[in-house]
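Q: Below you'll find structure-v1.csv; it's CSV, C-alpha atoms and all ligand atoms.
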chain,number,residue,atom,x,y,z
A,1,MET,CA,-17.8,3.1,-45.4
A,2,ARG,CA,-15.0,5.3,-46.6
A,3,THR,CA,-15.0,8.5,-48.6
A,4,ARG,CA,-12.4,9.8,-50.9
A,5,ILE,CA,-11.5,12.8,-53.0
A,6,LEU,CA,-12.8,11.9,-56.5
A,7,GLY,CA,-11.3,14.9,-58.2
A,8,LEU,CA,-9.5,18.2,-57.6
A,9,GLY,CA,-9.6,21.6,-59.3
A,10,THR,CA,-8.1,25.0,-58.7
A,11,SER,CA,-8.5,28.6,-59.6
A,12,ILE,CA,-5.2,30.5,-59.6
A,13,PRO,CA,-5.3,34.2,-60.5
A,14,GLU,CA,-2.8,35.2,-63.2
A,15,GLN,CA,-1.5,38.5,-61.6
A,16,ILE,CA,1.8,37.9,-59.7
A,17,LEU,CA,3.0,40.0,-56.8
A,18,THR,CA,6.7,39.5,-56.2
A,19,ASN,CA,8.7,40.3,-53.1
A,20,ALA,CA,10.4,43.0,-55.2
A,21,ASP,CA,6.9,44.6,-55.8
A,22,LEU,CA,6.3,44.6,-52.0
A,23,GLU,CA,9.7,46.3,-51.4
A,24,ARG,CA,8.2,49.3,-53.3
A,25,ILE,CA,5.1,49.4,-51.1
A,26,VAL,CA,6.4,48.8,-47.5
A,27,ASP,CA,9.7,48.8,-45.6
A,28,THR,CA,10.7,45.2,-46.3
A,29,SER,CA,13.2,43.2,-48.3
A,30,ASP,CA,13.1,40.1,-50.5
A,31,GLU,CA,15.8,38.6,-48.2
A,32,TRP,CA,13.7,39.1,-45.0
A,33,ILE,CA,10.5,37.7,-46.6
A,34,ARG,CA,12.3,34.6,-48.1
A,35,SER,CA,14.3,33.8,-44.9
A,36,ARG,CA,11.4,34.4,-42.4
A,37,THR,CA,8.6,32.9,-44.4
A,38,GLY,CA,9.8,31.0,-47.5
A,39,ILE,CA,7.6,33.2,-49.8
A,40,GLU,CA,8.9,34.6,-53.1
A,41,GLU,CA,5.7,35.6,-54.8
A,42,ARG,CA,1.9,35.4,-54.4
A,43,ARG,CA,-1.2,35.7,-56.7
A,44,ARG,CA,-3.7,38.6,-56.7
A,45,ILE,CA,-7.2,38.4,-58.0
A,46,GLU,CA,-8.2,40.5,-61.0
A,47,ASP,CA,-10.5,43.6,-60.4
A,48,GLY,CA,-14.1,42.7,-61.1
A,49,ARG,CA,-13.8,39.0,-59.9
A,50,ASP,CA,-14.9,37.8,-56.5
A,51,CYS,CA,-14.3,35.0,-54.1
A,52,SER,CA,-17.3,33.1,-55.5
A,53,ASP,CA,-15.8,33.4,-59.0
A,54,LEU,CA,-12.7,31.6,-57.8
A,55,VAL,CA,-15.0,29.0,-56.1
A,56,ALA,CA,-16.9,28.5,-59.3
A,57,GLU,CA,-13.8,28.0,-61.5
A,58,ALA,CA,-12.2,25.6,-59.0
A,59,CYS,CA,-15.4,23.6,-58.6
A,60,VAL,CA,-16.0,23.3,-62.4
A,61,ASN,CA,-12.4,22.1,-62.7
A,62,ALA,CA,-12.8,19.6,-59.8
A,63,LEU,CA,-16.0,18.3,-61.4
A,64,ALA,CA,-14.2,17.7,-64.7
A,65,ASP,CA,-11.3,16.0,-63.0
A,66,ALA,CA,-13.8,13.7,-61.1
A,67,ALA,CA,-15.9,13.1,-64.3
A,68,VAL,CA,-19.0,14.1,-62.2
A,69,LYS,CA,-21.8,16.3,-63.6
A,70,PRO,CA,-23.0,19.4,-61.6
A,71,GLU,CA,-26.5,17.7,-61.3
A,72,GLU,CA,-24.8,14.8,-59.4
A,73,ILE,CA,-23.7,17.0,-56.6
A,74,ASP,CA,-25.9,17.0,-53.4
A,75,ALA,CA,-24.3,19.8,-51.4
A,76,LEU,CA,-21.7,22.6,-51.8
A,77,ILE,CA,-19.5,23.7,-48.8
A,78,THR,CA,-17.3,26.7,-49.2
A,79,ALA,CA,-14.5,27.4,-46.7
A,80,THR,CA,-13.5,31.0,-46.7
A,81,ALA,CA,-12.5,33.9,-44.4
A,82,THR,CA,-12.9,36.4,-47.3
A,83,ALA,CA,-16.6,35.9,-48.2
A,84,ASP,CA,-18.2,37.9,-51.0
A,85,THR,CA,-20.7,39.3,-48.5
A,86,LEU,CA,-21.5,38.8,-44.8
A,87,PHE,CA,-24.7,37.1,-46.1
A,88,PRO,CA,-25.7,35.2,-48.1
A,89,SER,CA,-22.9,32.7,-48.1
A,90,THR,CA,-20.2,32.7,-50.8
A,91,ALA,CA,-21.5,29.2,-51.6
A,92,ALA,CA,-24.9,30.8,-52.5
A,93,TRP,CA,-23.2,33.3,-54.9
A,94,ALA,CA,-21.2,30.5,-56.4
A,95,GLN,CA,-24.1,28.0,-56.8
A,96,PRO,CA,-25.6,29.4,-60.0
A,97,LYS,CA,-22.2,30.0,-61.5
A,98,ILE,CA,-21.4,26.3,-61.2
A,99,GLY,CA,-24.9,25.2,-62.5
A,100,LEU,CA,-25.8,23.2,-59.4
A,101,ARG,CA,-29.3,22.0,-58.6
A,102,ARG,CA,-31.4,23.5,-55.7
A,103,ILE,CA,-29.1,21.6,-53.2
A,104,PRO,CA,-28.0,22.8,-49.7
A,105,VAL,CA,-25.1,25.3,-50.0
A,106,PHE,CA,-23.2,26.9,-47.1
A,107,ASP,CA,-20.0,28.4,-45.9
A,108,ILE,CA,-17.6,27.3,-43.2
A,109,SER,CA,-15.7,30.0,-41.3
A,110,SER,CA,-12.7,28.3,-39.8
A,111,ALA,CA,-10.0,30.2,-41.8
A,112,CYS,CA,-6.9,28.2,-42.8
A,113,SER,CA,-8.3,24.9,-41.4
A,114,GLY,CA,-11.4,25.4,-43.5
A,115,PHE,CA,-10.7,22.9,-46.3
A,116,LEU,CA,-10.0,20.1,-43.8
A,117,TYR,CA,-13.1,21.1,-41.7
A,118,ALA,CA,-15.2,21.0,-45.0
A,119,ASN,CA,-13.8,17.5,-45.8
A,120,ILE,CA,-14.7,16.2,-42.4
A,121,VAL,CA,-18.3,17.6,-42.7
A,122,ALA,CA,-18.6,16.2,-46.2
A,123,GLU,CA,-17.5,12.8,-45.0
A,124,GLY,CA,-20.3,12.9,-42.4
A,125,LEU,CA,-22.9,13.8,-45.0
A,126,VAL,CA,-21.9,11.0,-47.2
A,127,ALA,CA,-21.5,8.5,-44.4
A,128,THR,CA,-25.0,9.2,-43.1
A,129,GLY,CA,-26.6,9.0,-46.5
A,130,SER,CA,-27.6,12.7,-46.5
A,131,ALA,CA,-25.5,13.2,-49.7
A,132,ARG,CA,-23.9,11.0,-52.3
A,133,ARG,CA,-21.4,13.5,-53.6
A,134,VAL,CA,-20.3,16.8,-52.0
A,135,LEU,CA,-18.4,19.7,-53.5
A,136,ILE,CA,-16.0,21.4,-51.1
A,137,CYS,CA,-13.9,24.4,-51.9
A,138,GLY,CA,-11.4,26.6,-50.0
A,139,SER,CA,-11.3,30.0,-51.6
A,140,GLU,CA,-9.7,33.2,-50.5
A,141,VAL,CA,-9.4,36.8,-51.7
A,142,LEU,CA,-7.1,38.0,-48.9
A,143,SER,CA,-5.6,40.8,-51.0
A,144,ARG,CA,-8.8,42.8,-50.6
A,145,LEU,CA,-8.7,42.6,-46.7
A,146,THR,CA,-5.0,43.2,-46.4
A,147,ASN,CA,-3.5,46.4,-44.7
A,148,TRP,CA,-1.0,47.3,-47.4
A,149,ARG,CA,0.8,49.6,-44.8
A,150,ASP,CA,1.4,46.7,-42.4
A,151,ARG,CA,4.6,44.9,-43.4
A,152,GLY,CA,3.9,42.2,-40.7
A,153,THR,CA,0.9,40.9,-42.7
A,154,CYS,CA,0.9,42.3,-46.2
A,155,VAL,CA,3.8,40.2,-47.4
A,156,LEU,CA,2.2,36.9,-46.3
A,157,PHE,CA,-1.1,36.4,-48.1
A,158,GLY,CA,-2.2,35.4,-51.6
A,159,ASP,CA,-5.5,34.7,-53.5
A,160,GLY,CA,-6.7,31.5,-55.0
A,161,ALA,CA,-9.1,28.5,-54.6
A,162,GLY,CA,-8.9,24.8,-54.5
A,163,ALA,CA,-11.9,22.4,-54.7
A,164,ALA,CA,-12.6,18.7,-54.3
A,165,VAL,CA,-15.4,16.3,-55.1
A,166,ILE,CA,-16.0,14.0,-52.1
A,167,GLY,CA,-17.8,10.7,-52.6
A,168,ARG,CA,-17.9,7.1,-51.6
A,169,SER,CA,-14.7,5.2,-52.0
A,170,GLU,CA,-15.1,2.0,-54.1
A,171,ASN,CA,-12.8,0.1,-51.7
A,172,ASP,CA,-12.1,0.3,-48.0
A,173,ASP,CA,-8.3,0.7,-48.5
A,174,ARG,CA,-8.6,4.0,-50.4
A,175,GLY,CA,-9.7,7.4,-49.2
A,176,LEU,CA,-9.9,9.3,-45.9
A,177,LEU,CA,-8.4,7.0,-43.3
A,178,GLY,CA,-8.7,9.3,-40.3
A,179,SER,CA,-9.0,12.8,-39.2
A,180,THR,CA,-8.9,15.2,-36.2
A,181,TRP,CA,-10.2,18.7,-35.7
A,182,GLY,CA,-10.5,21.2,-32.9
A,183,ALA,CA,-10.5,24.9,-31.9
A,184,ASP,CA,-9.7,27.2,-29.0
A,185,GLY,CA,-11.8,30.4,-29.2
A,186,SER,CA,-10.0,32.0,-26.3
A,187,LEU,CA,-7.2,32.7,-28.8
A,188,ALA,CA,-9.5,34.4,-31.4
A,189,GLU,CA,-7.9,37.9,-31.1
A,190,LEU,CA,-4.5,36.6,-32.2
A,191,LEU,CA,-5.6,36.7,-35.8
A,192,TRP,CA,-8.8,38.5,-36.8
A,193,LEU,CA,-10.6,41.1,-38.8
A,194,PRO,CA,-12.2,43.4,-36.2
A,195,ALA,CA,-14.7,45.5,-38.1
A,196,GLY,CA,-17.5,45.1,-40.6
A,197,GLY,CA,-19.5,42.5,-38.5
A,198,THR,CA,-22.2,43.4,-36.0
A,199,ARG,CA,-19.8,44.1,-33.2
A,200,PHE,CA,-18.1,47.0,-35.0
A,201,PRO,CA,-20.2,47.9,-38.0
A,202,ALA,CA,-18.6,50.3,-40.5
A,203,THR,CA,-18.1,53.9,-39.3
A,204,HIS,CA,-15.6,56.6,-40.4
A,205,GLU,CA,-13.5,55.6,-37.4
A,206,THR,CA,-13.3,51.9,-38.3
A,207,VAL,CA,-12.3,52.8,-41.8
A,208,GLU,CA,-9.8,55.5,-40.7
A,209,HIS,CA,-8.1,53.0,-38.2
A,210,ARG,CA,-8.0,50.2,-40.9
A,211,LYS,CA,-10.2,47.9,-38.7
A,212,HIS,CA,-11.5,46.3,-41.9
A,213,THR,CA,-8.2,44.6,-42.5
A,214,ILE,CA,-6.4,41.6,-41.1
A,215,HIS,CA,-4.9,42.1,-37.6
A,216,MET,CA,-2.4,39.5,-36.5
A,217,CYS,CA,0.0,39.0,-33.6
A,218,GLY,CA,2.5,37.1,-35.8
A,219,ASN,CA,4.9,35.6,-33.4
A,220,GLU,CA,2.1,34.4,-31.0
A,221,VAL,CA,0.3,32.8,-33.9
A,222,PHE,CA,3.6,31.2,-34.8
A,223,LYS,CA,4.0,29.5,-31.4
A,224,HIS,CA,0.5,28.3,-31.2
A,225,ALA,CA,0.6,27.1,-34.8
A,226,VAL,CA,3.7,24.9,-34.2
A,227,LYS,CA,2.0,23.3,-31.1
A,228,ALA,CA,-1.4,22.8,-32.8
A,229,MET,CA,0.1,21.3,-35.9
A,230,GLU,CA,2.3,18.9,-33.9
A,231,ARG,CA,-0.7,17.8,-31.8
A,232,ALA,CA,-3.1,17.4,-34.7
A,233,VAL,CA,-0.5,15.4,-36.7
A,234,GLY,CA,0.2,13.2,-33.6
A,235,GLU,CA,-3.5,12.5,-33.1
A,236,VAL,CA,-4.3,11.5,-36.6
A,237,LEU,CA,-1.2,9.2,-36.8
A,238,ASP,CA,-2.2,7.6,-33.5
A,239,ARG,CA,-5.8,7.1,-34.6
A,240,THR,CA,-4.8,5.4,-37.8
A,241,GLY,CA,-1.8,3.5,-36.4
A,242,VAL,CA,0.6,5.0,-38.9
A,243,ARG,CA,4.1,6.2,-38.2
A,244,GLY,CA,5.4,9.6,-39.5
A,245,GLU,CA,8.1,7.7,-41.5
A,246,ASP,CA,5.4,5.7,-43.3
A,247,VAL,CA,3.8,8.9,-44.8
A,248,ASP,CA,4.6,9.3,-48.5
A,249,LEU,CA,3.7,12.9,-48.8
A,250,PHE,CA,3.0,15.6,-46.2
A,251,VAL,CA,0.9,18.4,-47.7
A,252,PRO,CA,0.5,21.0,-44.9
A,253,HIS,CA,-1.2,24.4,-44.8
A,254,GLN,CA,1.3,26.8,-46.4
A,255,ALA,CA,1.7,29.6,-43.9
A,256,ASN,CA,5.4,29.7,-43.1
A,257,VAL,CA,8.1,27.3,-44.2
A,258,ARG,CA,9.6,27.5,-40.7
A,259,ILE,CA,6.3,26.2,-39.1
A,260,ILE,CA,6.2,23.4,-41.8
A,261,LYS,CA,9.8,22.4,-41.1
A,262,LYS,CA,9.3,22.2,-37.3
A,263,THR,CA,6.0,20.2,-37.7
A,264,ALA,CA,7.7,17.7,-40.2
A,265,GLU,CA,10.7,17.3,-37.9
A,266,ARG,CA,8.6,16.6,-34.8
A,267,ALA,CA,6.5,14.1,-36.8
A,268,GLY,CA,9.6,12.3,-38.1
A,269,ILE,CA,8.8,13.2,-41.7
A,270,PRO,CA,11.9,14.2,-43.8
A,271,MET,CA,11.6,17.4,-45.8
A,272,GLU,CA,11.9,15.4,-49.1
A,273,LYS,CA,8.4,14.1,-48.3
A,274,VAL,CA,7.0,17.6,-47.7
A,275,TYR,CA,5.2,19.4,-50.5
A,276,LEU,CA,5.7,23.1,-50.7
A,277,THR,CA,3.9,25.8,-52.7
A,278,ILE,CA,4.4,28.6,-50.3
A,279,HIS,CA,7.3,30.1,-52.5
A,280,LYS,CA,4.9,30.7,-55.4
A,281,TYR,CA,1.5,31.2,-53.8
A,282,GLY,CA,2.2,32.6,-50.2
A,283,ASN,CA,-0.5,31.8,-47.6
A,284,THR,CA,-3.8,31.3,-49.3
A,285,SER,CA,-5.6,30.3,-46.1
A,286,ALA,CA,-8.4,27.7,-46.7
A,287,ALA,CA,-7.2,27.3,-50.3
A,288,SER,CA,-3.7,26.4,-49.6
A,289,ILE,CA,-4.1,22.6,-49.0
A,290,PRO,CA,-6.3,21.8,-52.1
A,291,MET,CA,-4.1,24.1,-54.3
A,292,ALA,CA,-1.0,22.2,-53.0
A,293,LEU,CA,-2.7,18.8,-53.5
A,294,LYS,CA,-3.5,19.6,-57.1
A,295,ASP,CA,-0.1,21.0,-57.7
A,296,ALA,CA,1.5,17.8,-56.2
A,297,GLU,CA,-0.7,15.6,-58.5
A,298,GLU,CA,0.2,17.6,-61.6
A,299,SER,CA,3.9,17.5,-60.8
A,300,GLY,CA,3.7,13.7,-60.4
A,301,ARG,CA,4.6,13.8,-56.7
A,302,LEU,CA,1.2,12.6,-55.6
A,303,ARG,CA,0.2,9.2,-56.9
A,304,GLU,CA,-2.5,6.6,-56.4
A,305,GLY,CA,-1.7,4.4,-53.4
A,306,ASN,CA,0.3,7.1,-51.6
A,307,LEU,CA,-0.2,7.7,-47.9
A,308,VAL,CA,-0.9,11.5,-47.7
A,309,LEU,CA,-1.0,13.6,-44.6
A,310,CYS,CA,-2.5,17.0,-44.4
A,311,ALA,CA,-2.6,19.4,-41.4
A,312,ALA,CA,-3.7,23.0,-40.9
A,313,PHE,CA,-4.1,25.7,-38.3
A,314,GLY,CA,-5.7,29.1,-38.5
A,315,SER,CA,-7.7,31.9,-37.0
A,316,GLY,CA,-10.2,30.9,-34.5
A,317,PHE,CA,-7.9,29.4,-33.3
A,318,THR,CA,-8.6,26.3,-35.3
A,319,TRP,CA,-6.7,23.2,-36.3
A,320,ALA,CA,-7.3,19.9,-38.2
A,321,ALA,CA,-5.4,17.0,-39.7
A,322,ALA,CA,-6.3,14.2,-42.1
A,323,LEU,CA,-4.7,11.1,-43.5
A,324,TYR,CA,-5.6,9.8,-46.9
A,325,ARG,CA,-4.7,6.7,-48.9
A,326,TRP,CA,-4.7,8.3,-52.3
B,401,LIG,O1,-2.4,30.9,-41.7
B,401,LIG,C1,-2.2,31.4,-40.4
B,401,LIG,C2,-1.7,32.7,-40.6
B,401,LIG,N1,-0.6,33.2,-39.9
B,401,LIG,C3,0.6,32.7,-39.7
B,401,LIG,O2,0.9,31.6,-39.9
B,401,LIG,C4,1.6,33.6,-39.2
B,401,LIG,C5,2.5,33.0,-38.2
B,401,LIG,N2,3.6,33.9,-37.9
B,401,LIG,C6,4.7,34.0,-38.8
B,401,LIG,O3,4.7,33.4,-39.8
B,401,LIG,C7,5.8,35.0,-38.3
B,401,LIG,O4,5.5,35.3,-37.0
B,401,LIG,C8,5.9,36.2,-39.2
B,401,LIG,C9,6.4,35.8,-40.6
B,401,LIG,C10,4.6,36.9,-39.4
B,401,LIG,C11,6.9,37.2,-38.6
B,401,LIG,O5,8.1,36.6,-38.4
B,401,LIG,P1,8.8,36.6,-36.9
B,401,LIG,O6,10.1,36.0,-37.1
B,401,LIG,O7,7.9,36.1,-35.9
B,401,LIG,O8,9.1,38.2,-36.8
B,401,LIG,P2,8.5,39.2,-35.6
B,401,LIG,O9,7.1,39.5,-35.8
B,401,LIG,O10,9.0,38.7,-34.3
B,401,LIG,O11,9.3,40.4,-36.0
B,401,LIG,C12,10.8,40.5,-36.0
B,401,LIG,C13,11.2,41.8,-36.7
B,401,LIG,C14,10.5,43.0,-36.1
B,401,LIG,O12,11.5,44.1,-36.1
B,401,LIG,P3,12.2,44.5,-34.7
B,401,LIG,O13,11.0,44.9,-33.8
B,401,LIG,O14,12.9,43.3,-34.2
B,401,LIG,O15,13.0,45.6,-35.1
B,401,LIG,C15,9.5,43.3,-37.1
B,401,LIG,O16,9.1,44.7,-37.2
B,401,LIG,O17,10.9,41.8,-38.1
B,401,LIG,C16,10.2,42.9,-38.4
B,401,LIG,N3,9.4,42.6,-39.5
B,401,LIG,C17,9.7,42.8,-40.8
B,401,LIG,N4,10.9,43.2,-41.3
B,401,LIG,C18,11.0,43.3,-42.7
B,401,LIG,C19,8.1,42.2,-39.5
B,401,LIG,N5,7.6,42.0,-40.8
B,401,LIG,C20,8.6,42.4,-41.6
B,401,LIG,C21,8.8,42.5,-43.0
B,401,LIG,N6,10.0,42.9,-43.5
B,401,LIG,N7,7.8,42.1,-43.8
Kindly present the structure from the file in structure tokens form.

A:
Amino acid sequence: MRTRILGLGTSIPEQILTNADLERIVDTSDEWIRSRTGIEERRRIEDGRDCSDLVAEACVNALADAAVKPEEIDALITATATADTLFPSTAAWAQPKIGLRRIPVFDISSACSGFLYANIVAEGLVATGSARRVLICGSEVLSRLTNWRDRGTCVLFGDGAGAAVIGRSENDDRGLLGSTWGADGSLAELLWLPAGGTRFPATHETVEHRKHTIHMCGNEVFKHAVKAMERAVGEVLDRTGVRGEDVDLFVPHQANVRIIKKTAERAGIPMEKVYLTIHKYGNTSAASIPMALKDAEESGRLREGNLVLCAAFGSGFTWAAALYRW
């Protein structure tokens, strides 16, 4: 039994923050940001909207794309590092906004690997018969947890969401052909948000020292990311017996164009087969892969029958890869 993505949808905030805008906020330059990351602009959520609003919009669009009704969904999984609240889950806030039945809804906290983690969990639910159709959504409001005084992080992140309806594939050739996932918690402090949880609840000091914002050791993350992406891609290609050169489209997590280039090169995938959205959306963490998949579909680069590879890494330290016959 195989599962496949029955439909995709996104929620992309309208407000654009360019590199020139950031030059006015921190000591940086358009040239540095473009050459070191590949980012030209990113989106920022409107005041008054939350992560769960992006989830709801992306999910409604994915349902329409799949021609599936909200009442036909048996579970909702939201992948996010920027939840509306510590509890309940962002999925719980989003559920009534989408008009879903009283089905199980929950979040996955595995940062940028979250969408692929959610897809692997959804595959399990469908394969075991626990659910017929599962809505999964990667959604991030990173702009609200960014330290706008830290040039090492504030230039990187953007807001947005991407959702998919996962269901049974009508034939064995089409759908999720194989996947791999993993984590190494000993690297957790390379990229984290220290305060606001139960270890460091909010105090004047945590606020004063900006402990409620993203903390990252960029170049260490970079090194581990390249290794994790290479390993995950190698594993999924081995498991499915596919060679890098046979992949039609590589849709990686969009964190840094230099990480993407190194991963593609090591997997034997030419850059013409790599799909990039980082220039216009920056790093949207768990949302980046589904947003890029939808973008690729809309631009005509992603077509039925294509062999599509996705790979991600993120805080945790987590990683995952998946190969689909579209
Ligand atoms: O989804 C997972 C999330 N995280 C990532 O994927 C991040 C992975 N890491 C990266 O993408 C890169 O490490 C960064 C883009 C974050 C940084 O690039 P780098 O080439 O690793 O730079 P660096 O941190 O080694 O810093 C080099 C220099 C430093 O200056 P000095 O000490 O050499 O004078 C930084 O202070 O670049 C400086 N720098 C900047 N300069 C201008 C750091 N950020 C900026 C900036 N503008 N925005």

Q: Return the single residue from A:Leu142, A:Leu86, A:Cys217, A:Ala131 that is closest to ligand LIG 401 (chain B), with distances computed using all atoms listed in the file.

A: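 Residue with the minimum atom-to-atom distance to ligand LIG 401 (chain B): A:Cys217.
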
Q: Name the residues in contact with Thr180 in chain A at a cut-off of 10 Å, using only C-alpha atoms, excluding same-chain residues fewer than 6 positions from it; report them as a ChimeraX atom specification.

A: /A:116-117,120,231-237,239,311,319-323

Q: What are the closest atom pairs, with distances in Å to one decimal, for each residue of chain A lying within 7 Å of ligand LIG 401 (chain B), using all atoms listed in the file, rows by chain and rising residue number, as a Markdown table?

A:
| residue | atom | partner | partner_atom | distance |
| --- | --- | --- | --- | --- |
| A:Asp27 | CA | B:LIG401 | N6 | 6.3 |
| A:Thr28 | CA | B:LIG401 | N6 | 3.7 |
| A:Ser29 | CA | B:LIG401 | N6 | 5.8 |
| A:Trp32 | CA | B:LIG401 | C18 | 5.5 |
| A:Ile33 | CA | B:LIG401 | N7 | 5.9 |
| A:Arg36 | CA | B:LIG401 | C9 | 5.5 |
| A:Thr37 | CA | B:LIG401 | C9 | 5.3 |
| A:Cys112 | CA | B:LIG401 | O1 | 5.4 |
| A:Arg151 | CA | B:LIG401 | N7 | 4.3 |
| A:Gly152 | CA | B:LIG401 | N5 | 3.7 |
| A:Thr153 | CA | B:LIG401 | C10 | 6.4 |
| A:Val155 | CA | B:LIG401 | N7 | 5.7 |
| A:Gly218 | CA | B:LIG401 | O4 | 3.7 |
| A:Asn219 | CA | B:LIG401 | O4 | 3.7 |
| A:Glu220 | CA | B:LIG401 | O4 | 7.0 |
| A:Val221 | CA | B:LIG401 | C5 | 4.8 |
| A:Phe222 | CA | B:LIG401 | C5 | 4.0 |
| A:Ala225 | CA | B:LIG401 | O2 | 6.8 |
| A:Ala255 | CA | B:LIG401 | O2 | 4.5 |
| A:Asn256 | CA | B:LIG401 | O3 | 5.0 |
| A:Asn283 | CA | B:LIG401 | O1 | 6.3 |
| A:Ser285 | CA | B:LIG401 | O1 | 5.5 |
| A:Phe313 | CA | B:LIG401 | C1 | 6.4 |
| A:Gly314 | CA | B:LIG401 | C1 | 4.6 |
| A:Ser315 | CA | B:LIG401 | C1 | 6.5 |

Q: What are the nearest atom pairs, with distances in Å to one decimal, for all residues of range 92-177 of chain A that come at most 10 Å from range 196-215 of chain A, using only C-alpha atoms, set out by chain and rising residue number as CSV?

A:
residue,atom,partner,partner_atom,distance
A:Leu142,CA,A:Ile214,CA,8.6
A:Ser143,CA,A:Thr213,CA,9.7
A:Arg144,CA,A:Thr213,CA,8.3
A:Leu145,CA,A:Thr213,CA,4.7
A:Thr146,CA,A:Thr213,CA,5.2
A:Asn147,CA,A:Thr213,CA,5.5
A:Trp148,CA,A:Thr213,CA,9.1
A:Arg149,CA,A:Arg210,CA,9.6
A:Asp150,CA,A:His215,CA,9.2
A:Gly152,CA,A:His215,CA,9.3
A:Thr153,CA,A:Ile214,CA,7.5
A:Cys154,CA,A:Ile214,CA,8.9

Q: As a list in words, please: the residues near Asp53 in chain A (cut-off 8 Å, only C-alpha atoms, same-chain neighbours under 3 positions excluded).

A: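 Residues near the query, excluding close chain neighbours: Arg49, Asp50, Ala56, Glu57, Ala94 and Lys97 of chain A.
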
Q: Find, counting all atoms listed in the file, the residue in A:Glu245, A:Glu189, A:Glu140, A:Asp47 that gets nearest to Thr80 in chain A.

A: A:Glu140

Q: Give me, as a ChimeraX atom specification, all polymer residues having an atom no more than 7 Å from Ala75 in chain A, counting all atoms listed in the file and skipping those fewer than 3 positions away in the same chain.

A: /A:103-105,131,134-135

Q: What is the CA of Met229 in chain A to CA of Val55 in chain A distance in Å?

A: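 Those two atoms sit 26.4 Å apart.
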
Q: What is the CA of Trp326 in chain A-CA of Leu63 in chain A distance in Å, reported with one decimal?

A: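 CA of Leu63 in chain A lies 17.6 Å from CA of Trp326 in chain A.
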
Q: List the neighbours of range 42-46 of chain A out to 9 Å using only C-alpha atoms; skip same-chain residues closer than 6 positions along the sequence, and give me the result as a list of chain:residue names.

A: A:Ile12, A:Pro13, A:Glu14, A:Gln15, A:Ile16, A:Leu17, A:Thr18, A:Asn19, A:Leu54, A:Val141, A:Leu142, A:Ser143, A:Arg144, A:Val155, A:Leu156, A:Phe157, A:Gly158, A:Asp159, A:Gly160, A:Ile278, A:His279, A:Lys280, A:Tyr281, A:Gly282, A:Asn283, A:Thr284

Q: For CA of Met1 in chain A and CA of Glu72 in chain A, quote the distance in Å rounded to one decimal.

A: 19.5 Å

Q: Tell me, as a list in words, which residues lie within 10 Å of Gly7 in chain A, counting all atoms listed in the file; anything in the same chain fewer than 3 positions away does not count.

A: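 These residues fall inside the cut-off: Arg4, Cys59, Asn61, Ala62, Leu63, Ala64, Asp65, Ala66, Ala67, Val68, Leu135, Ala163, Ala164, Val165, Ile166, Gly167 and Lys294 of chain A.
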
Q: Rank A:Ile259, A:Leu309, A:Leu190, A:Ala296 by their smallest atom-to-atom distance to Asp246 in chain A, using all atoms listed in the file, and report the top residue only.

A: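 Closest to Asp246 in chain A of all the choices is A:Leu309.
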
Q: Kindly indicate which residue among A:Ala188, A:Ala195, A:Val308, A:Ile73 lies nearest to Val251 in chain A, using only C-alpha atoms for the distances.

A: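 Once distances to Val251 in chain A are computed over only C-alpha atoms, the minimum belongs to A:Val308.
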
Q: Considering all atoms listed in the file, state which residue in the set A:Leu76, A:Arg325, A:Gly38, A:Asn306 is at the smallest distance from Gln254 in chain A.

A: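 With all atoms listed in the file as the atom set, the closest residue is A:Gly38.
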
Q: Can you work out which one of A:Arg2, A:Arg168, A:Arg301, A:Arg133 has the shortest atom-to-atom distance to Tyr324 in chain A, counting all atoms listed in the file?

A: A:Arg2

Q: Can you write out as a Markdown table which residues of range 110-133 of chain A fall within 12 Å of range 169-176 of chain A, alongside each residue's closest atom pair and its distance in Å to one decimal, counting all atoms listed in the file and ordering rows by chain and ascending residue number?

A:
| residue | atom | partner | partner_atom | distance |
| --- | --- | --- | --- | --- |
| A:Leu116 | CA | A:Leu176 | CA | 11.0 |
| A:Asn119 | CA | A:Leu176 | CA | 9.1 |
| A:Ile120 | CA | A:Leu176 | CA | 9.1 |
| A:Ala122 | CA | A:Leu176 | CA | 11.1 |
| A:Glu123 | CA | A:Leu176 | CA | 8.4 |
| A:Gly124 | CA | A:Leu176 | CA | 11.5 |
| A:Val126 | CA | A:Ser169 | CA | 10.4 |
| A:Ala127 | CA | A:Ser169 | CA | 10.7 |
| A:Arg132 | CA | A:Ser169 | CA | 10.9 |
| A:Arg133 | CA | A:Ser169 | CA | 10.8 |
